[in-house]
Each structure stands twice: as C-alpha cells, then as structure tokens.
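Trainee: File follows, query-v3.txt with compact mmCIF, C-alpha atoms:
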# COMPACT_ATOMS: atom_id res chain seq x y z
CA MET D 1 10.41 -39.12 -112.48
CA SER D 2 10.01 -42.44 -114.22
CA ALA D 3 9.39 -45.66 -112.40
CA ALA D 4 12.83 -46.89 -113.52
CA ARG D 5 14.60 -43.87 -111.97
CA ILE D 6 12.67 -44.26 -108.74
CA ALA D 7 13.63 -47.92 -108.60
CA THR D 8 17.33 -47.06 -109.23
CA ALA D 9 17.33 -44.38 -106.50
CA ALA D 10 15.70 -46.78 -104.06
CA ALA D 11 18.26 -49.47 -104.86
CA MET D 12 21.14 -47.02 -104.28
CA LEU D 13 19.62 -45.98 -100.95
CA VAL D 14 19.25 -49.62 -99.85
CA ALA D 15 22.87 -50.32 -100.88
CA ALA D 16 24.15 -47.30 -98.93
CA VAL D 17 22.25 -48.35 -95.82
CA ALA D 18 23.59 -51.90 -96.16
CA LEU D 19 27.17 -50.66 -96.51
CA ALA D 20 26.80 -48.44 -93.45
CA GLY D 21 25.37 -51.38 -91.52
CA CYS D 22 28.41 -53.47 -92.37
CA GLY D 23 30.67 -50.78 -91.02
CA ARG D 24 32.17 -50.03 -94.41
CA LEU D 25 31.16 -46.41 -94.14
CA ALA D 26 33.36 -45.55 -91.16
CA PRO D 27 32.04 -42.90 -88.77
CA VAL D 28 33.82 -39.64 -89.27
CA ASP D 29 34.81 -37.12 -86.64
CA PRO D 30 32.97 -34.06 -87.98
CA GLY D 31 35.60 -31.76 -86.51
CA ALA D 32 38.60 -33.51 -87.98
CA GLY D 33 36.96 -34.52 -91.21
CA ALA D 34 38.73 -37.89 -91.06
CA PRO D 35 37.99 -41.31 -89.59
CA ALA D 36 38.58 -41.61 -85.84
CA ALA D 37 42.18 -42.47 -84.98
CA ASP D 38 43.09 -45.76 -83.36
CA PRO D 39 42.92 -46.08 -80.34
CA SER D 40 39.42 -44.76 -80.37
CA PRO D 41 38.56 -41.92 -78.01
CA THR D 42 36.30 -44.38 -76.21
CA SER D 43 39.26 -46.41 -74.87
CA LEU D 44 41.00 -43.29 -73.56
CA ALA D 45 37.70 -42.24 -72.01
CA ASP D 46 37.68 -45.64 -70.32
CA VAL D 47 41.17 -44.88 -68.98
CA ASP D 48 39.86 -41.61 -67.55
CA GLU D 49 37.06 -43.47 -65.84
CA LEU D 50 39.41 -46.10 -64.43
CA LEU D 51 41.75 -43.40 -63.12
CA GLY D 52 38.83 -41.53 -61.57
CA GLU D 53 37.79 -44.67 -59.71
CA ALA D 54 41.38 -45.39 -58.67
CA ALA D 55 41.80 -41.86 -57.30
CA GLY D 56 38.47 -42.08 -55.46
CA SER D 57 39.38 -45.35 -53.77
CA LEU D 58 42.78 -43.92 -52.86
CA ASP D 59 40.99 -41.07 -51.10
CA ASP D 60 39.03 -43.68 -49.14
CA THR D 61 42.23 -45.50 -48.17
CA GLU D 62 43.87 -42.26 -47.11
CA ARG D 63 40.88 -41.33 -44.93
CA LEU D 64 41.07 -44.72 -43.24
CA LEU D 65 44.79 -44.30 -42.58
CA ASP D 66 44.14 -40.82 -41.15
CA ASP D 67 41.53 -42.35 -38.85
CA ALA D 68 44.04 -45.02 -37.81
CA ASP D 69 46.55 -42.32 -36.88
CA ASP D 70 43.91 -40.23 -35.11
CA ALA D 71 42.87 -43.23 -33.03
CA ALA D 72 46.47 -44.07 -32.14
CA GLY D 73 47.00 -40.45 -31.06
CA GLN D 74 44.09 -40.69 -28.64
CA GLU D 75 45.64 -43.49 -26.62
CA THR D 76 47.95 -41.07 -24.87
CA GLN D 77 45.26 -38.42 -24.51
CA ARG D 78 42.37 -40.52 -23.30
CA MET N 1 62.63 -12.67 -3.00
CA SER N 2 60.03 -12.62 -0.22
CA THR N 3 57.33 -12.24 -2.87
CA MET N 4 58.59 -15.38 -4.58
CA ILE N 5 58.57 -17.32 -1.31
CA VAL N 6 55.01 -16.25 -0.57
CA ALA N 7 53.90 -17.16 -4.11
CA ALA N 8 55.54 -20.57 -3.85
CA ALA N 9 53.95 -21.20 -0.46
CA LEU N 10 50.55 -20.13 -1.79
CA ALA N 11 50.91 -22.42 -4.79
CA ALA N 12 51.83 -25.33 -2.53
CA ILE N 13 48.79 -24.71 -0.32
CA LEU N 14 46.46 -24.43 -3.34
CA THR N 15 47.85 -27.61 -4.89
CA ALA N 16 47.50 -29.57 -1.68
CA GLY N 17 43.92 -28.40 -1.28
CA ALA N 18 42.87 -29.06 -4.87
CA PRO N 19 40.38 -31.89 -5.41
CA ALA N 20 41.95 -35.07 -6.73
CA ALA N 21 41.25 -35.42 -10.45
CA VAL N 22 41.36 -38.55 -12.54
CA THR N 23 42.05 -37.86 -16.18
CA ASP N 24 41.47 -40.21 -19.05
CA GLY N 25 44.90 -39.37 -20.35
CA ASP N 26 46.65 -41.02 -17.47
CA PRO N 27 46.32 -44.78 -17.11
CA THR N 28 47.28 -44.40 -13.47
CA PRO N 29 44.74 -42.42 -11.44
CA PRO N 30 46.11 -40.06 -8.77
CA ALA N 31 46.81 -41.71 -5.44
CA ARG N 32 44.28 -39.50 -3.67
CA ALA N 33 41.36 -40.28 -6.04
CA THR N 34 38.33 -41.81 -4.31
CA VAL N 35 36.63 -45.03 -5.45
CA GLY N 36 33.74 -42.97 -6.82
CA GLU N 37 36.02 -40.69 -8.80
CA ILE N 38 37.91 -43.59 -10.29
CA GLN N 39 34.68 -45.39 -11.16
CA GLN N 40 33.21 -42.29 -12.77
CA GLN N 41 36.26 -41.63 -14.93
CA GLY N 42 36.68 -45.30 -15.71
CA ASP N 43 33.07 -45.63 -16.86
CA LEU N 44 33.58 -42.59 -19.06
CA ALA N 45 36.75 -44.03 -20.57
CA ILE N 46 35.01 -47.36 -21.23
CA GLU N 47 31.98 -45.64 -22.77
CA ARG N 48 34.20 -43.67 -25.15
CA ARG N 49 35.88 -46.86 -26.26
CA LEU N 50 32.59 -48.71 -26.73
CA THR N 51 31.28 -45.84 -28.86
CA ALA N 52 34.45 -45.86 -30.96
CA LEU N 53 34.18 -49.63 -31.42
CA ASP N 54 30.55 -49.30 -32.53
CA ALA N 55 31.58 -46.69 -35.09
CA ALA N 56 34.41 -48.88 -36.38
CA GLU N 57 32.09 -51.88 -36.65
CA LEU N 58 29.60 -49.83 -38.65
CA ARG N 59 32.32 -48.70 -41.05
CA LEU N 60 33.59 -52.23 -41.50
CA GLY N 61 30.03 -53.32 -42.25
CA ASN N 62 29.88 -50.75 -45.04
CA ALA N 63 33.33 -51.57 -46.44
CA GLN N 64 32.43 -53.55 -49.56
CA SER N 65 36.02 -54.17 -50.63
CA LEU N 66 37.06 -55.66 -47.29
CA ASP N 67 38.30 -59.25 -47.62
CA GLU N 68 35.76 -61.53 -45.92
CA GLY N 69 38.40 -63.34 -43.87
CA HIS N 70 39.74 -60.00 -42.66
CA ARG N 71 36.22 -58.83 -41.87
CA SER N 72 35.61 -61.91 -39.71
CA SER N 73 38.86 -61.41 -37.79
CA LEU N 74 38.23 -57.72 -37.18
CA GLU N 75 34.64 -58.30 -36.10
CA ALA N 76 35.76 -61.03 -33.71
CA THR N 77 38.36 -58.68 -32.19
CA ILE N 78 35.80 -55.91 -31.79
CA THR N 79 33.25 -58.28 -30.25
CA ASP N 80 35.79 -59.69 -27.80
CA THR N 81 37.05 -56.22 -26.89
CA ARG N 82 33.53 -54.93 -26.36
CA SER N 83 32.52 -57.82 -24.13
CA GLY N 84 35.77 -57.54 -22.17
CA LEU N 85 35.22 -53.83 -21.56
CA GLU N 86 31.62 -54.41 -20.50
CA SER N 87 32.74 -57.02 -17.97
CA LEU N 88 35.44 -54.68 -16.78
CA ARG N 89 32.87 -51.91 -16.28
CA SER N 90 30.80 -54.20 -14.05
CA GLU N 91 33.91 -55.12 -12.13
CA LEU N 92 34.94 -51.47 -11.76
CA ASP N 93 31.47 -50.37 -10.68
CA GLY N 94 31.49 -53.06 -7.98
CA ALA N 95 35.05 -52.39 -6.82
CA PRO N 96 35.14 -52.57 -3.01
CA ASP N 97 37.98 -50.09 -2.54
CA ALA N 98 40.17 -47.57 -4.31
CA ALA N 99 42.99 -50.07 -4.87
CA SER N 100 40.71 -52.49 -6.75
CA ALA N 101 39.13 -49.65 -8.69
CA ARG N 102 42.58 -48.39 -9.61
CA ASP N 103 43.58 -51.83 -10.94
CA ASP N 104 40.40 -52.02 -13.01
CA TYR N 105 40.96 -48.51 -14.30
CA ARG N 106 44.49 -49.33 -15.45
CA SER N 107 43.16 -52.39 -17.20
CA ILE N 108 41.07 -50.21 -19.54
CA PHE N 109 44.33 -48.96 -21.01
CA SER N 110 46.75 -51.82 -20.60
CA ASP N 111 44.57 -54.84 -21.41
CA TYR N 112 42.54 -53.55 -24.36
CA ARG N 113 44.47 -50.88 -26.27
CA VAL N 114 41.36 -49.84 -28.17
CA TYR N 115 42.90 -46.64 -29.51
CA ALA N 116 46.44 -47.90 -29.96
CA VAL N 117 45.73 -51.28 -31.54
CA VAL N 118 42.11 -52.29 -32.22
CA LEU N 119 40.92 -49.18 -34.09
CA PRO N 120 44.12 -48.60 -36.13
CA GLN N 121 44.11 -52.30 -36.98
CA SER N 122 40.54 -52.07 -38.31
CA TYR N 123 41.18 -48.95 -40.37
CA VAL N 124 44.55 -50.00 -41.79
CA VAL N 125 43.20 -53.40 -42.88
CA ALA N 126 40.14 -51.79 -44.49
CA GLY N 127 42.35 -49.23 -46.25
CA ALA N 128 44.86 -51.79 -47.49
CA ASP N 129 42.09 -54.08 -48.74
CA ARG N 130 40.46 -51.21 -50.60
CA ALA N 131 43.71 -50.34 -52.33
CA GLU N 132 44.32 -53.96 -53.29
CA ALA N 133 40.76 -54.71 -54.38
CA VAL N 134 39.89 -51.48 -56.17
CA THR N 135 42.79 -49.10 -56.79
CA ILE N 136 45.41 -51.52 -58.09
CA PRO N 137 43.12 -53.43 -60.48
CA ARG N 138 41.85 -50.12 -61.93
CA LEU N 139 45.40 -48.88 -62.45
CA GLN N 140 46.48 -52.18 -64.01
CA ALA N 141 43.54 -52.03 -66.42
CA ALA N 142 44.44 -48.43 -67.27
CA ALA N 143 48.07 -49.45 -67.88
CA GLU N 144 46.89 -52.22 -70.23
CA ALA N 145 44.72 -49.80 -72.20
CA LEU N 146 47.52 -47.26 -72.37
CA GLU N 147 49.96 -49.89 -73.58
CA ALA N 148 47.52 -50.86 -76.34
CA ALA N 149 47.19 -47.22 -77.34
CA ILE N 150 50.96 -46.74 -77.36
CA ASP N 151 51.35 -49.78 -79.62
CA ALA N 152 48.54 -48.71 -81.90
CA GLN N 153 49.97 -45.21 -82.32
CA GLY N 154 53.57 -46.43 -82.55
CA ARG N 155 54.57 -44.14 -79.69
CA ASP N 156 57.77 -45.91 -78.63
CA ASP N 157 58.87 -42.66 -77.00
CA LEU N 158 56.34 -43.32 -74.21
CA ALA N 159 57.68 -46.77 -73.31
CA ASP N 160 59.74 -45.46 -70.37
CA ASP N 161 56.76 -43.54 -68.97
CA LEU N 162 54.68 -46.69 -69.16
CA ALA N 163 57.45 -48.61 -67.38
CA ASP N 164 57.47 -45.95 -64.61
CA LEU N 165 53.72 -46.33 -64.23
CA ARG N 166 53.99 -50.09 -63.91
CA SER N 167 56.89 -49.72 -61.47
CA GLU N 168 54.83 -47.49 -59.14
CA ILE N 169 51.99 -50.01 -59.19
CA GLN N 170 54.44 -52.82 -58.41
CA LYS N 171 55.97 -50.85 -55.50
CA ALA N 172 52.53 -50.40 -53.98
CA GLN N 173 51.75 -54.08 -54.45
CA ASP N 174 54.99 -55.01 -52.69
CA ASP N 175 54.18 -52.67 -49.79
CA LEU N 176 50.63 -53.99 -49.45
CA ASP N 177 51.53 -57.64 -49.85
CA GLY N 178 50.66 -59.29 -46.51
CA LEU N 179 50.28 -55.92 -44.78
CA ALA N 180 46.68 -56.53 -43.69
CA ASP N 181 47.68 -59.86 -42.18
CA ARG N 182 50.58 -58.18 -40.36
CA ALA N 183 48.15 -55.63 -38.94
CA LEU N 184 45.69 -58.33 -37.92
CA ALA N 185 48.43 -60.25 -36.11
CA VAL N 186 49.24 -57.32 -33.79
CA ALA N 187 48.10 -58.02 -30.24
CA VAL N 188 48.21 -55.95 -27.07
CA ASP N 189 51.46 -57.67 -26.05
CA ASP N 190 53.07 -56.64 -29.34
CA PHE N 191 52.16 -53.04 -28.67
CA ASP N 192 53.61 -53.26 -25.16
CA ALA N 193 56.86 -54.63 -26.59
CA ASP N 194 56.97 -52.06 -29.39
CA PRO N 195 54.56 -49.11 -29.15
CA ALA N 196 55.40 -48.13 -32.75
CA VAL N 197 54.26 -51.46 -34.18
CA MET N 198 50.97 -50.20 -35.64
CA GLN N 199 52.49 -46.90 -36.68
CA ASP N 200 55.10 -48.76 -38.76
CA ILE N 201 52.36 -50.69 -40.54
CA THR N 202 50.37 -47.50 -41.19
CA LEU N 203 53.48 -45.83 -42.62
CA THR N 204 54.00 -48.73 -45.02
CA ALA N 205 50.38 -48.37 -46.15
CA ARG N 206 51.00 -44.64 -46.66
CA ASP N 207 54.04 -45.45 -48.82
CA ALA N 208 51.78 -47.61 -50.97
CA VAL N 209 49.26 -44.76 -51.26
CA LEU N 210 52.05 -42.40 -52.39
CA SER N 211 53.16 -44.86 -55.08
CA LEU N 212 49.60 -45.28 -56.28
CA ARG N 213 49.07 -41.51 -56.38
CA SER N 214 52.20 -41.25 -58.55
CA ALA N 215 50.83 -44.01 -60.76
CA VAL N 216 47.57 -42.10 -61.26
CA VAL N 217 49.53 -38.98 -62.26
CA ASP N 218 51.74 -40.99 -64.63
CA ALA N 219 48.72 -42.62 -66.24
CA ARG N 220 46.93 -39.29 -66.70
CA THR N 221 50.03 -37.80 -68.32
CA LEU N 222 50.28 -40.76 -70.69
CA ALA N 223 46.60 -40.53 -71.59
CA ASP N 224 47.03 -36.82 -72.39
CA GLU N 225 50.05 -37.62 -74.58
CA LEU N 226 48.00 -40.13 -76.52
CA ARG N 227 45.08 -37.81 -77.29
Using structure tokens, write down the structure from this file.
Mentor:
Amino acid sequence: MSAARIATAAAMLVAAVALAGCGRLAPVDPGAGAPAADPSPTSLADVDELLGEAAGSLDDTERLLDDADDAAGQETQR
Amino acid sequence: MSTMIVAAALAAILTAGAPAAVTDGDPTPPARATVGEIQQQGDLAIERRLTALDAAELRLGNAQSLDEGHRSSLEATITDTRSGLESLRSELDGAPDAASARDDYRSIFSDYRVYAVVLPQSYVVAGADRAEAVTIPRLQAAAEALEAAIDAQGRDDLADDLADLRSEIQKAQDDLDGLADRALAVAVDDFDADPAVMQDITLTARDAVLSLRSAVVDARTLADELR
C-alpha cells in the first residue's frame, strides 16, 4: 500500500470518528435496524423507575394507615 | 328443670367466689378490685402505651419525607403524653385507696387516648406526608414524560387516558390537602365528642391511596402503549 493510500484511509477514518462524535452517525437499534424512535427508550425507562418509586412509597403509606387502624382498634381491647 | 336450677345456682356461686379481675380492655375496673390489683393492671396498661409511643417516635425519626413542622408537633405530643403517663403511674402507685386508684386507672384511657388518637395521628400524618412528598411528585413527573411521548409519537388516541391519569392524581391531592393538619388538630376532647374522628381522617387518606394506585396502573398502561 502506497503512502498516499494510507494517508487517504487515515483521513477517512478520522472523518468518520469526527462525524460520530458530532452525533451525525445516529446510534442504531441492532434489533430493529433503524434509528431509535422518539421518545427514546431511556425516557420510558425513567417512567418505569418513577412508577416503581411511586408504588413503593404508596406501600409505605398503606402500612402506616394499617398501623393507624390497628392502634385505634386496640383502644377498646386494651 | 331441677338440673337447670342446680347449674344456675352453681354458676352463681362460682361467679361470686371468682377473684376480681381488672382487664386492660375496660377503662372501669371492677368494683371489687383491690388497690394492688388496680395498680398492677394500671402499670401494665401504662407500660404498653409507653412502649407503643417509643416505637412511634422511632418510626417518626426514620420518616425522611415527614414535614418538619409536622414532625415537631407529633414529637411534642408524644413527649407530653409520655411525661403525663409517667406522672400518672407515680400517682397510681401511690394511691391511698381503691377509689383513688380507680380514678387514676380510668385516666389512662380517658385523658391520654394513646391508641385512639396519638398513635393514629402519628401514622396518618407520616403516611399523608409520604404520599405528598414522594408519590405525587413521582406520578406528576411520569405524567409529564408520558405526555411528551404522546406528543412525540402523535398518539392523540391516548389523550383521554392521560387525562384520567391526571384526574386520579388530582383527586388524591384534593383528599390529602390539609389532611395532616386536620389529623394534628385532633385532641382527646374531639375523640370524646366524636369517636370516629380519626377513623374518618384515615379513610380519607385511604381514598387518596386508592386514587394514586389507579394512577400508577394508568401510567403503566400508557407507558406500555407507547413502547
């Protein structure tokens, strides 16, 4: 391979890396073979996380309300 | 017939001869209970309440989402109740006769209402604060993200579902609005006037929990639709 060809290949590689760095080569979902749809899966994953936290804190609230009822029930027994 | 008469007579004799018992379930000790019996049962009833107050105080200390003003009020109530019960125990232990001991014993129930007011108050306020500080903001953020996704995907068909989700959150907010303060305002006198006062507040909090549970389900369904 001549020095000129090596230089051309290197330049193409640098250009490809630069384009990828600028985001012009969009990441592709390997399964779908197409760019990720908008909204990105990340935002829906965030929704899942938010809902998990909401459900967890609701469990806490429900436990506290159960304890409130249990305590009130003891007034007549104790 | 004669068998029944004998059985009834036997039962009457056994009942009359049975030792007087003071139960924690009855704020009025039996008339025949001795000073010692009343003191013993009273001390037990006070000890149970002090233990329950300690447990509640520990839980409030660990409740990170509890509003600081609410925390101060609840801790002050617990401290006052504890010191009142400790004074009452000294008074009961030094009661000179059964009549005084009986008055002190009744006071455990009628003047403090640890189980009926103080503990439910602590737990309802902590639960309501948790829902307001953690659950609702998380659901609102989820609704925002879902709305953005609906817009981005042009899914106008999901607009009603999103409105339902927001409506459930709003219902819970309405239920919880001022509920902790209502619970904190309940005093022993309020319970005496209306024994269901704390129960009504707890039920309102449960309504809010139901709305928020529906909101979580709605949001999950929407998220699935958008995937």
Trainee: Against chain D, which residues of chain N fall within 8 Å? For each one I want the closest pair of atoms and the distance in Å (one decimal), counting only C-alpha atoms, rows by chain and increasing residue number, as a tab-separated table.
Mentor:
residue	atom	partner	partner_atom	distance
N:Thr23	CA	D:Arg78	CA	7.6
N:Asp24	CA	D:Arg78	CA	4.4
N:Gly25	CA	D:Arg78	CA	4.1
N:Asp26	CA	D:Arg78	CA	7.2
N:Ala45	CA	D:Arg78	CA	7.2
N:Phe109	CA	D:Glu75	CA	7.9
N:Arg113	CA	D:Glu75	CA	7.5
N:Val114	CA	D:Glu75	CA	7.8
N:Tyr115	CA	D:Ala71	CA	4.9
N:Ala116	CA	D:Ala72	CA	4.4
N:Val117	CA	D:Ala72	CA	7.3
N:Leu119	CA	D:Ala71	CA	6.4
N:Pro120	CA	D:Ala68	CA	4.0
N:Gln121	CA	D:Ala68	CA	7.3
N:Ser122	CA	D:Ala68	CA	7.9
N:Tyr123	CA	D:Leu64	CA	5.1
N:Val124	CA	D:Leu65	CA	5.8
N:Ala126	CA	D:Leu64	CA	7.2
N:Gly127	CA	D:Thr61	CA	4.2
N:Ala128	CA	D:Thr61	CA	6.9
N:Arg130	CA	D:Thr61	CA	6.5
N:Ala131	CA	D:Leu58	CA	6.5
N:Val134	CA	D:Ser57	CA	6.6
N:Thr135	CA	D:Ala54	CA	4.4
N:Ile136	CA	D:Ala54	CA	7.4
N:Arg138	CA	D:Leu50	CA	5.3
N:Leu139	CA	D:Ala54	CA	6.5
N:Ala141	CA	D:Leu50	CA	7.5
N:Ala142	CA	D:Val47	CA	5.1
N:Ala145	CA	D:Val47	CA	6.9
N:Leu146	CA	D:Val47	CA	7.6
N:Ala148	CA	D:Pro39	CA	7.7
N:Ala149	CA	D:Pro39	CA	5.3
N:Ala152	CA	D:Asp38	CA	6.4
N:Gln153	CA	D:Asp38	CA	7.0
N:Gln199	CA	D:Asp69	CA	7.5
N:Thr202	CA	D:Leu65	CA	6.6
N:Ala205	CA	D:Leu65	CA	7.8
N:Arg206	CA	D:Leu65	CA	7.4
N:Val209	CA	D:Leu58	CA	6.7
N:Leu212	CA	D:Leu58	CA	7.7
N:Arg213	CA	D:Ala55	CA	7.3
N:Val216	CA	D:Leu51	CA	6.2
N:Ala219	CA	D:Leu51	CA	7.7
N:Arg220	CA	D:Asp48	CA	7.5
N:Ala223	CA	D:Leu44	CA	6.5
N:Arg227	CA	D:Pro41	CA	7.7
Trainee: Using all atoms listed in the file, which of N:Gly61, N:Gly154, N:Gly178, N:Gly94 sits nearest N:Thr204?
Mentor: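 Ranked by minimum distance to N:Thr204, first place goes to N:Gly178.
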Trainee: Determine, counting all atoms listed in the file, which protein, DNA and RNA residues have an atom within 12 Å of an atom of stretch 75-81 of chain N; residues of the same chain fewer than 6 positions away are not included. Present the result as a PyMOL selection string.
Mentor: chain N and resi 46+49-61+66+68-69+87-88+108-109+111-115+117-122+125-126+184-188
Trainee: For a test of reading the model, state the distance in Å between atom CA of N:Asp194 and atom CA of N:Ala99, rounded to one decimal.
Mentor: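 Those two atoms sit 28.3 Å apart.
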Trainee: Rounded to one decimal place, report the atom CA of N:Tyr105-atom CA of N:Ala193 distance in Å.
Mentor: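 Distance reported for this atom pair: 21.0 Å.
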Trainee: When you draw a straight line from atom CA of N:Asp200 to atom CA of N:Ser65, how long is it in Å?
Mentor: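 Distance reported for this atom pair: 23.1 Å.
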